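Enquirer: So I've got this file, data07.cif, and it contains mmCIF, C-alpha atoms:
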data_target
#
loop_
_atom_site.label_atom_id
_atom_site.label_comp_id
_atom_site.auth_asym_id
_atom_site.auth_seq_id
_atom_site.Cartn_x
_atom_site.Cartn_y
_atom_site.Cartn_z
CA MET H 262 0.00 0.00 0.00
CA ALA H 263 1.15 3.50 -0.76
CA ASP H 264 2.01 5.99 1.96
CA GLY H 265 -1.06 7.72 3.29
CA GLN H 266 -3.35 4.70 2.98
CA ALA H 267 -6.33 5.15 5.31
CA THR H 268 -6.65 2.26 7.72
CA ALA H 269 -9.27 0.97 10.13
CA ILE H 270 -9.06 -1.47 13.02
CA VAL H 271 -11.99 -3.83 13.52
CA THR H 272 -12.12 -6.10 16.56
CA GLY H 273 -14.14 -9.29 16.60
CA ALA H 274 -13.76 -9.36 12.83
CA GLY H 275 -13.88 -13.13 12.47
CA GLY H 276 -17.63 -13.32 12.09
CA GLY H 277 -20.99 -11.59 12.26
CA ILE H 278 -21.05 -7.81 12.45
CA GLY H 279 -17.26 -7.52 12.63
CA ARG H 280 -16.69 -9.57 9.48
CA ALA H 281 -19.31 -7.60 7.55
CA THR H 282 -17.82 -4.33 8.79
CA ALA H 283 -14.28 -5.24 7.77
CA LEU H 284 -15.41 -6.19 4.27
CA ARG H 285 -17.48 -3.02 3.91
CA LEU H 286 -14.57 -0.84 5.00
CA ALA H 287 -12.30 -2.58 2.48
CA ARG H 288 -14.86 -1.96 -0.27
CA ASP H 289 -14.93 1.71 0.77
CA GLY H 290 -11.19 2.07 0.29
CA TYR H 291 -9.80 1.48 3.76
CA LEU H 292 -7.16 -1.09 4.60
CA PRO H 293 -8.77 -2.87 7.56
CA VAL H 294 -6.70 -4.51 10.26
CA ALA H 295 -9.03 -7.32 11.34
CA CYS H 296 -8.53 -8.62 14.88
CA ASP H 297 -9.97 -11.79 16.36
CA ARG H 298 -8.87 -14.71 18.53
CA ASP H 299 -10.31 -17.20 16.00
CA GLY H 300 -7.53 -17.89 13.48
CA PRO H 301 -9.61 -20.02 11.05
CA ALA H 302 -12.34 -17.36 11.00
CA LEU H 303 -9.75 -14.72 10.12
CA GLU H 304 -8.42 -16.92 7.33
CA SER H 305 -11.96 -17.26 5.99
CA LEU H 306 -12.31 -13.47 6.07
CA SER H 307 -9.01 -13.07 4.25
CA GLN H 308 -10.11 -15.49 1.54
CA ALA H 309 -13.43 -13.68 1.13
CA ALA H 310 -11.58 -10.38 0.74
CA ARG H 311 -9.18 -11.79 -1.85
CA ALA H 312 -12.10 -13.22 -3.80
CA GLU H 313 -13.37 -9.65 -4.20
CA GLY H 314 -9.92 -8.27 -4.99
CA LEU H 315 -9.76 -6.53 -1.61
CA ALA H 316 -6.95 -6.20 0.93
CA ILE H 317 -7.47 -6.96 4.61
CA GLU H 318 -4.71 -7.57 7.15
CA VAL H 319 -5.64 -10.15 9.79
CA LEU H 320 -4.23 -10.36 13.28
CA GLU H 321 -4.97 -13.17 15.70
CA GLY H 322 -4.97 -12.43 19.41
CA GLU H 323 -6.92 -11.54 22.54
CA VAL H 324 -8.48 -8.08 22.36
CA ALA H 325 -7.83 -7.32 26.04
CA ASP H 326 -4.12 -8.16 25.68
CA GLU H 327 -2.15 -4.91 25.56
CA ALA H 328 0.53 -6.51 23.36
CA HIS H 329 -2.14 -7.45 20.81
CA VAL H 330 -3.55 -3.92 20.91
CA ALA H 331 -0.08 -2.45 20.31
CA GLU H 332 0.50 -4.85 17.41
CA ALA H 333 -2.80 -3.90 15.77
CA VAL H 334 -2.15 -0.16 16.05
CA ALA H 335 1.41 -0.64 14.75
CA ALA H 336 0.04 -2.48 11.71
CA ALA H 337 -2.51 0.29 11.09
CA THR H 338 0.13 3.03 11.23
CA ARG H 339 3.05 1.31 9.49
CA ASP H 340 4.77 2.93 6.47
CA GLY H 341 2.86 6.20 6.66
CA ARG H 342 -0.59 4.64 6.93
CA ARG H 343 -3.20 6.88 8.53
CA LEU H 344 -5.40 5.28 11.18
CA ARG H 345 -8.79 6.87 10.55
CA ALA H 346 -11.29 4.44 12.06
CA LEU H 347 -11.66 2.04 14.97
CA VAL H 348 -14.60 -0.33 15.36
CA ASN H 349 -14.76 -1.93 18.81
CA ASN H 350 -16.99 -4.89 18.00
CA ALA H 351 -15.55 -7.88 19.90
CA ALA H 352 -17.83 -9.16 22.66
CA VAL H 353 -18.55 -12.17 24.81
CA ASP H 354 -21.87 -13.09 26.36
CA ALA H 355 -21.69 -14.95 29.67
CA ARG H 356 -25.21 -16.03 30.53
CA GLY H 357 -26.55 -15.90 34.07
CA SER H 358 -27.93 -13.73 36.84
CA VAL H 359 -25.58 -12.23 39.41
CA THR H 360 -26.14 -15.28 41.60
CA GLU H 361 -25.28 -17.67 38.77
CA LEU H 362 -22.21 -16.01 37.31
CA SER H 363 -18.76 -16.71 38.65
CA ARG H 364 -16.38 -13.85 39.27
CA ALA H 365 -14.19 -15.19 36.44
CA GLU H 366 -17.12 -15.10 34.00
CA PHE H 367 -18.05 -11.56 35.00
CA GLU H 368 -14.47 -10.32 34.76
CA ARG H 369 -13.93 -11.99 31.38
CA THR H 370 -17.05 -10.22 30.05
CA LEU H 371 -15.80 -6.94 31.48
CA GLU H 372 -12.36 -7.40 29.90
CA VAL H 373 -13.59 -8.12 26.39
CA ASN H 374 -16.65 -5.85 26.26
CA LEU H 375 -15.31 -2.80 28.10
CA VAL H 376 -11.59 -2.94 28.89
CA ALA H 377 -10.64 -3.85 25.31
CA PRO H 378 -12.46 -0.83 23.78
CA PHE H 379 -10.68 1.37 26.33
CA LEU H 380 -7.29 -0.12 25.45
CA PHE H 381 -7.79 0.17 21.68
CA ALA H 382 -9.08 3.75 21.97
CA ARG H 383 -6.24 4.76 24.28
CA SER H 384 -3.71 3.56 21.71
CA ALA H 385 -5.57 4.71 18.59
CA VAL H 386 -6.63 8.24 19.55
CA PRO H 387 -3.17 9.88 19.36
CA HIS H 388 -2.62 8.46 15.86
CA MET H 389 -6.08 9.55 14.71
CA ALA H 390 -5.51 13.03 16.06
CA SER H 391 -2.17 13.34 14.27
CA ALA H 392 -3.80 12.09 11.05
CA GLY H 393 -6.35 14.92 11.19
CA GLY H 394 -9.21 13.11 12.91
CA GLY H 395 -11.25 9.99 12.49
CA ALA H 396 -14.11 7.96 13.86
CA ILE H 397 -14.54 5.42 16.65
CA VAL H 398 -17.61 3.20 16.65
CA ASN H 399 -18.36 1.13 19.73
CA VAL H 400 -20.73 -1.74 19.00
CA SER H 401 -23.00 -1.76 22.03
CA SER H 402 -26.42 -3.40 22.34
CA ALA H 403 -30.09 -2.79 23.00
CA GLN H 404 -29.33 -4.70 26.21
CA ALA H 405 -27.72 -1.50 27.49
CA PHE H 406 -31.26 -0.12 27.85
CA VAL H 407 -33.50 -3.15 28.42
CA ALA H 408 -32.33 -6.51 29.68
CA ARG H 409 -33.49 -10.02 29.01
CA PRO H 410 -33.33 -12.55 31.85
CA ARG H 411 -29.91 -13.94 32.78
CA ILE H 412 -27.81 -11.39 30.92
CA ALA H 413 -26.45 -9.40 33.86
CA ALA H 414 -22.78 -9.24 32.87
CA TYR H 415 -23.41 -8.46 29.20
CA ALA H 416 -26.01 -5.78 29.97
CA ALA H 417 -23.75 -4.17 32.57
CA THR H 418 -20.80 -3.94 30.20
CA LYS H 419 -22.88 -2.56 27.32
CA GLY H 420 -24.40 0.11 29.56
CA ALA H 421 -20.90 1.06 30.68
CA LEU H 422 -19.71 1.09 27.07
CA ASN H 423 -22.39 3.65 26.22
CA ALA H 424 -21.21 5.85 29.09
CA LEU H 425 -17.60 5.47 27.94
CA THR H 426 -18.68 6.45 24.43
CA ARG H 427 -20.26 9.68 25.65
CA ALA H 428 -17.17 10.58 27.68
CA MET H 429 -14.83 9.86 24.76
CA ALA H 430 -16.98 11.93 22.40
CA VAL H 431 -16.67 14.93 24.71
CA ASP H 432 -12.94 14.46 25.27
CA HIS H 433 -11.85 13.84 21.70
CA GLY H 434 -14.35 15.72 19.56
CA PRO H 435 -12.07 18.80 19.67
CA GLN H 436 -9.37 16.61 18.06
CA GLY H 437 -11.64 15.89 15.11
CA ILE H 438 -12.53 12.39 16.34
CA ARG H 439 -16.19 11.36 16.28
CA VAL H 440 -17.13 8.71 18.85
CA ASN H 441 -20.46 6.93 18.57
CA ALA H 442 -22.12 3.73 19.72
CA VAL H 443 -24.53 1.60 17.74
CA CYS H 444 -26.96 -0.50 19.78
CA PRO H 445 -28.31 -3.38 17.69
CA GLY H 446 -31.19 -5.54 18.77
CA ALA H 447 -31.08 -9.22 17.84
CA VAL H 448 -28.74 -9.89 14.92
CA ARG H 449 -28.07 -13.39 13.61
CA THR H 450 -24.39 -13.70 14.44
CA PRO H 451 -22.31 -16.65 15.70
CA LEU H 452 -22.57 -15.17 19.22
CA VAL H 453 -26.37 -15.18 19.06
CA GLU H 454 -26.56 -18.65 17.50
CA ALA H 455 -24.28 -19.97 20.26
CA ALA H 456 -26.68 -18.51 22.84
CA TRP H 457 -29.59 -20.29 21.11
CA ALA H 458 -27.69 -23.57 21.23
CA ARG H 459 -27.04 -23.17 24.96
CA ARG H 460 -30.67 -22.33 25.67
CA LYS H 461 -32.23 -25.02 23.46
CA PRO H 462 -29.71 -27.70 22.50
CA GLY H 463 -30.49 -29.25 19.13
CA ALA H 464 -32.94 -26.52 18.10
CA ASP H 465 -33.07 -25.51 14.44
CA PRO H 466 -31.32 -22.11 14.09
CA ASP H 467 -33.71 -21.04 11.32
CA ALA H 468 -36.69 -21.80 13.56
CA MET H 469 -35.08 -19.87 16.41
CA ALA H 470 -34.51 -16.89 14.12
CA ARG H 471 -38.16 -16.93 13.03
CA GLN H 472 -39.38 -17.24 16.62
CA LEU H 473 -37.26 -14.33 17.80
CA GLY H 474 -38.12 -12.26 14.72
CA SER H 475 -41.83 -12.63 15.42
CA ARG H 476 -41.35 -10.42 18.49
CA TYR H 477 -40.26 -7.46 16.36
CA PRO H 478 -42.61 -5.15 14.44
CA VAL H 479 -40.79 -5.89 11.16
CA GLY H 480 -41.17 -9.62 11.77
CA ARG H 481 -37.50 -10.54 11.55
CA ILE H 482 -34.16 -10.14 13.29
CA GLY H 483 -31.17 -8.41 11.77
CA THR H 484 -28.37 -9.80 9.62
CA PRO H 485 -24.78 -8.58 9.68
#
Take the structure in the file and write it out as structure tokens.

Expert:
Amino acid sequence: MADGQATAIVTGAGGGIGRATALRLARDGYLPVACDRDGPALESLSQAARAEGLAIEVLEGEVADEAHVAEAVAAATRDGRRLRALVNNAAVDARGSVTELSRAEFERTLEVNLVAPFLFARSAVPHMASAGGGAIVNVSSAQAFVARPRIAAYAATKGALNALTRAMAVDHGPQGIRVNAVCPGAVRTPLVEAAWARRKPGADPDAMARQLGSRYPVGRIGTP
């Protein structure tokens, strides 16, 4: 890539919303740095990009690992590249009420859903500011506002992520950096399908999607 290439970091890019986002950014002219802990999923993303004649750099690692964060930002700023976008999409969904969750499950959810966006933003913002600005999108959830049963850790982290988003928008808007959160309802992603499988082992995913979609005015759930 030539000097000055605009880059974007996307976490949780191995599937679902993250995968779709990385491909869309590549189609729009960015060089995405796609981060995920699932190596085979990243390879699948890379193959899909090549099939369209697109370039995506993939980076396997844990999003809450500071060394992984540093490696991703280094890749996005190498050789004069300009880091212009960060999409904090990676998430985990430990199911249970506060009496059912272990401390380890709660802390793991906190690390991935809240600490990782903080770490990536902390490292990315100075580069964005020096590049003339950019955009950070935190993928939150409708569960930040209304909670289903047994989703205490996930709902807590998404509510906190919305608060972090507001604070970052105030702090870094003067540097030309827009910070927003998107709060999807049900979207048919691997994370959601895994939750279906835990709740109703052996259930048909298509039937589950139709059942959940019937609760929405449009009669369907979202797709990435």

Enquirer: Pick out the closest residue to H:Lys419 from this set: H:Gly357, H:Trp457, H:Ala351, H:Ala392. Count only C-alpha atoms.

Expert: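 Counting only C-alpha atoms, the residue closest to H:Lys419 is H:Ala351.
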
Enquirer: Using only C-alpha atoms, can you tell me which of H:Ile438, H:Ile270, H:Leu371, H:Ala428 comes closest to H:Ala325?

Expert: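 Of H:Ile438, H:Ile270, H:Leu371, H:Ala428, the one nearest H:Ala325 is H:Leu371, counting only C-alpha atoms.
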
Enquirer: I'd like the neighbourhood of H:Ala331 as a ChimeraX atom specification, where a residue qualifies if any of its atoms comes within 9 Å (using only C-alpha atoms), though same-chain residues fewer than 4 positions away should be ignored.

Expert: /H:326-327,335-336,381,384

Enquirer: Given the file above and the PyMOL selection byres ((chain H and resi 330) around 12), which residues are selected, and can you give them as a PyMOL selection string?

Expert: chain H and resi 270-272+294-297+320-329+331-337+347+349+376-385

Enquirer: Restricting the output to C-alpha atoms, write the selected residues as a PDB file, in the frame of the given file.

Expert:
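Output file again.pdb follows:
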ATOM      1  CA  ILE H 270      -9.060  -1.470  13.020  1.00  0.00           C
ATOM      2  CA  VAL H 271     -11.990  -3.830  13.520  1.00  0.00           C
ATOM      3  CA  THR H 272     -12.120  -6.100  16.560  1.00  0.00           C
ATOM      4  CA  VAL H 294      -6.700  -4.510  10.260  1.00  0.00           C
ATOM      5  CA  ALA H 295      -9.030  -7.320  11.340  1.00  0.00           C
ATOM      6  CA  CYS H 296      -8.530  -8.620  14.880  1.00  0.00           C
ATOM      7  CA  ASP H 297      -9.970 -11.790  16.360  1.00  0.00           C
ATOM      8  CA  LEU H 320      -4.230 -10.360  13.280  1.00  0.00           C
ATOM      9  CA  GLU H 321      -4.970 -13.170  15.700  1.00  0.00           C
ATOM     10  CA  GLY H 322      -4.970 -12.430  19.410  1.00  0.00           C
ATOM     11  CA  GLU H 323      -6.920 -11.540  22.540  1.00  0.00           C
ATOM     12  CA  VAL H 324      -8.480  -8.080  22.360  1.00  0.00           C
ATOM     13  CA  ALA H 325      -7.830  -7.320  26.040  1.00  0.00           C
ATOM     14  CA  ASP H 326      -4.120  -8.160  25.680  1.00  0.00           C
ATOM     15  CA  GLU H 327      -2.150  -4.910  25.560  1.00  0.00           C
ATOM     16  CA  ALA H 328       0.530  -6.510  23.360  1.00  0.00           C
ATOM     17  CA  HIS H 329      -2.140  -7.450  20.810  1.00  0.00           C
ATOM     18  CA  ALA H 331      -0.080  -2.450  20.310  1.00  0.00           C
ATOM     19  CA  GLU H 332       0.500  -4.850  17.410  1.00  0.00           C
ATOM     20  CA  ALA H 333      -2.800  -3.900  15.770  1.00  0.00           C
ATOM     21  CA  VAL H 334      -2.150  -0.160  16.050  1.00  0.00           C
ATOM     22  CA  ALA H 335       1.410  -0.640  14.750  1.00  0.00           C
ATOM     23  CA  ALA H 336       0.040  -2.480  11.710  1.00  0.00           C
ATOM     24  CA  ALA H 337      -2.510   0.290  11.090  1.00  0.00           C
ATOM     25  CA  LEU H 347     -11.660   2.040  14.970  1.00  0.00           C
ATOM     26  CA  ASN H 349     -14.760  -1.930  18.810  1.00  0.00           C
ATOM     27  CA  VAL H 376     -11.590  -2.940  28.890  1.00  0.00           C
ATOM     28  CA  ALA H 377     -10.640  -3.850  25.310  1.00  0.00           C
ATOM     29  CA  PRO H 378     -12.460  -0.830  23.780  1.00  0.00           C
ATOM     30  CA  PHE H 379     -10.680   1.370  26.330  1.00  0.00           C
ATOM     31  CA  LEU H 380      -7.290  -0.120  25.450  1.00  0.00           C
ATOM     32  CA  PHE H 381      -7.790   0.170  21.680  1.00  0.00           C
ATOM     33  CA  ALA H 382      -9.080   3.750  21.970  1.00  0.00           C
ATOM     34  CA  ARG H 383      -6.240   4.760  24.280  1.00  0.00           C
ATOM     35  CA  SER H 384      -3.710   3.560  21.710  1.00  0.00           C
ATOM     36  CA  ALA H 385      -5.570   4.710  18.590  1.00  0.00           C
TER      37      ALA H 385
END

Enquirer: For H:Gly394, which residue out of H:Glu368, H:Ala470, H:Ala267, H:Arg409 is the nearest one, using all atoms listed in the file?

Expert: H:Ala267

Enquirer: Between H:Gly279, H:Pro478, H:Gly437, H:Gly483, which has the minimum distance to H:Val348 (counting all atoms listed in the file)?

Expert: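 Checking each of H:Gly279, H:Pro478, H:Gly437, H:Gly483 against H:Val348, counting all atoms listed in the file, the winner is H:Gly279.
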
Enquirer: One decimal, in Å: what's the spacing between atom CA of H:Gly395 and atom CA of H:Thr268?

Expert: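 Between atom CA of H:Gly395 and atom CA of H:Thr268 the gap works out to 10.2 Å.
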
Enquirer: Compare H:Leu284, H:Ala269, H:Ala405, H:Ala355 by their minimum atom-to-atom distance to H:Arg342, counting only C-alpha atoms, and give me the closest one.

Expert: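 For H:Arg342, the nearest of the given residues is H:Ala269.
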
Enquirer: Expressed in Å to a single decimal, how great is the separation between atom CA of H:Gly420 and atom CA of H:Asn399?

Expert: 11.6 Å

Enquirer: Go through H:Thr484, H:Thr370, H:Gln266, H:Thr450 one by one, measure the shortest atom-to-atom distance of each to H:Leu292 using all atoms listed in the file, and give the residue with the smallest value.

Expert: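 Closest candidate: H:Gln266.
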
Enquirer: Give me, please, the distance in Å between atom CA of H:Gly275 and atom CA of H:Thr338, quoted to one decimal.

Expert: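 Between these atoms lies a distance of 21.4 Å.
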
Enquirer: Name every residue that the PyMOL selection byres ((chain H and resi 356) around 10) selects in this structure, writing the answer as a ChimeraX atom specification with chains first and numbers rising.

Expert: /H:353-355,357-359,361-362,366-367,410-415,456,459-460

Enquirer: List, as an NGL selection string, every residue that the PyMOL selection byres ((chain H and resi 427) around 12) selects in the file provided.

Expert: :H and (397-399 or 420-426 or 428-434 or 439-442)

Enquirer: Write the residues you've just listed into a file as an mmCIF file, in the frame of the given file, and include C-alpha atoms for each of them.

Expert:
data_model
loop_
_atom_site.group_PDB
_atom_site.id
_atom_site.type_symbol
_atom_site.label_atom_id
_atom_site.label_comp_id
_atom_site.auth_asym_id
_atom_site.auth_seq_id
_atom_site.Cartn_x
_atom_site.Cartn_y
_atom_site.Cartn_z
ATOM 1 C CA ILE H 397 -14.540 5.420 16.650
ATOM 2 C CA VAL H 398 -17.610 3.200 16.650
ATOM 3 C CA ASN H 399 -18.360 1.130 19.730
ATOM 4 C CA GLY H 420 -24.400 0.110 29.560
ATOM 5 C CA ALA H 421 -20.900 1.060 30.680
ATOM 6 C CA LEU H 422 -19.710 1.090 27.070
ATOM 7 C CA ASN H 423 -22.390 3.650 26.220
ATOM 8 C CA ALA H 424 -21.210 5.850 29.090
ATOM 9 C CA LEU H 425 -17.600 5.470 27.940
ATOM 10 C CA THR H 426 -18.680 6.450 24.430
ATOM 11 C CA ALA H 428 -17.170 10.580 27.680
ATOM 12 C CA MET H 429 -14.830 9.860 24.760
ATOM 13 C CA ALA H 430 -16.980 11.930 22.400
ATOM 14 C CA VAL H 431 -16.670 14.930 24.710
ATOM 15 C CA ASP H 432 -12.940 14.460 25.270
ATOM 16 C CA HIS H 433 -11.850 13.840 21.700
ATOM 17 C CA GLY H 434 -14.350 15.720 19.560
ATOM 18 C CA ARG H 439 -16.190 11.360 16.280
ATOM 19 C CA VAL H 440 -17.130 8.710 18.850
ATOM 20 C CA ASN H 441 -20.460 6.930 18.570
ATOM 21 C CA ALA H 442 -22.120 3.730 19.720
#

Enquirer: Need the shell around H:Ala302: protein/DNA/RNA residues with any atom at most 8 Å away, counting all atoms listed in the file. Skip same-chain ones fewer than 3 positions apart. Format as a ChimeraX atom specification?

Expert: /H:275-276,299,305-306

Enquirer: If I wrap all listed atoms of stretch 422-428 of chain H in a box with edges along x, y and z and add 3 Å on each side, what are its centre and edge lengths in Å to one decimal, as AutoDock Vina command-line options?

Expert:
--center_x -19.8 --center_y 5.8 --center_z 26.8 --size_x 11.2 --size_y 15.5 --size_z 10.7

Enquirer: Show which residues sit within 10 Å of H:Met469, as a ChimeraX atom specification. Count all atoms listed in the file, and ignore same-chain residues fewer than 5 positions away.

Expert: /H:449,454,457-458,461,464,474-475
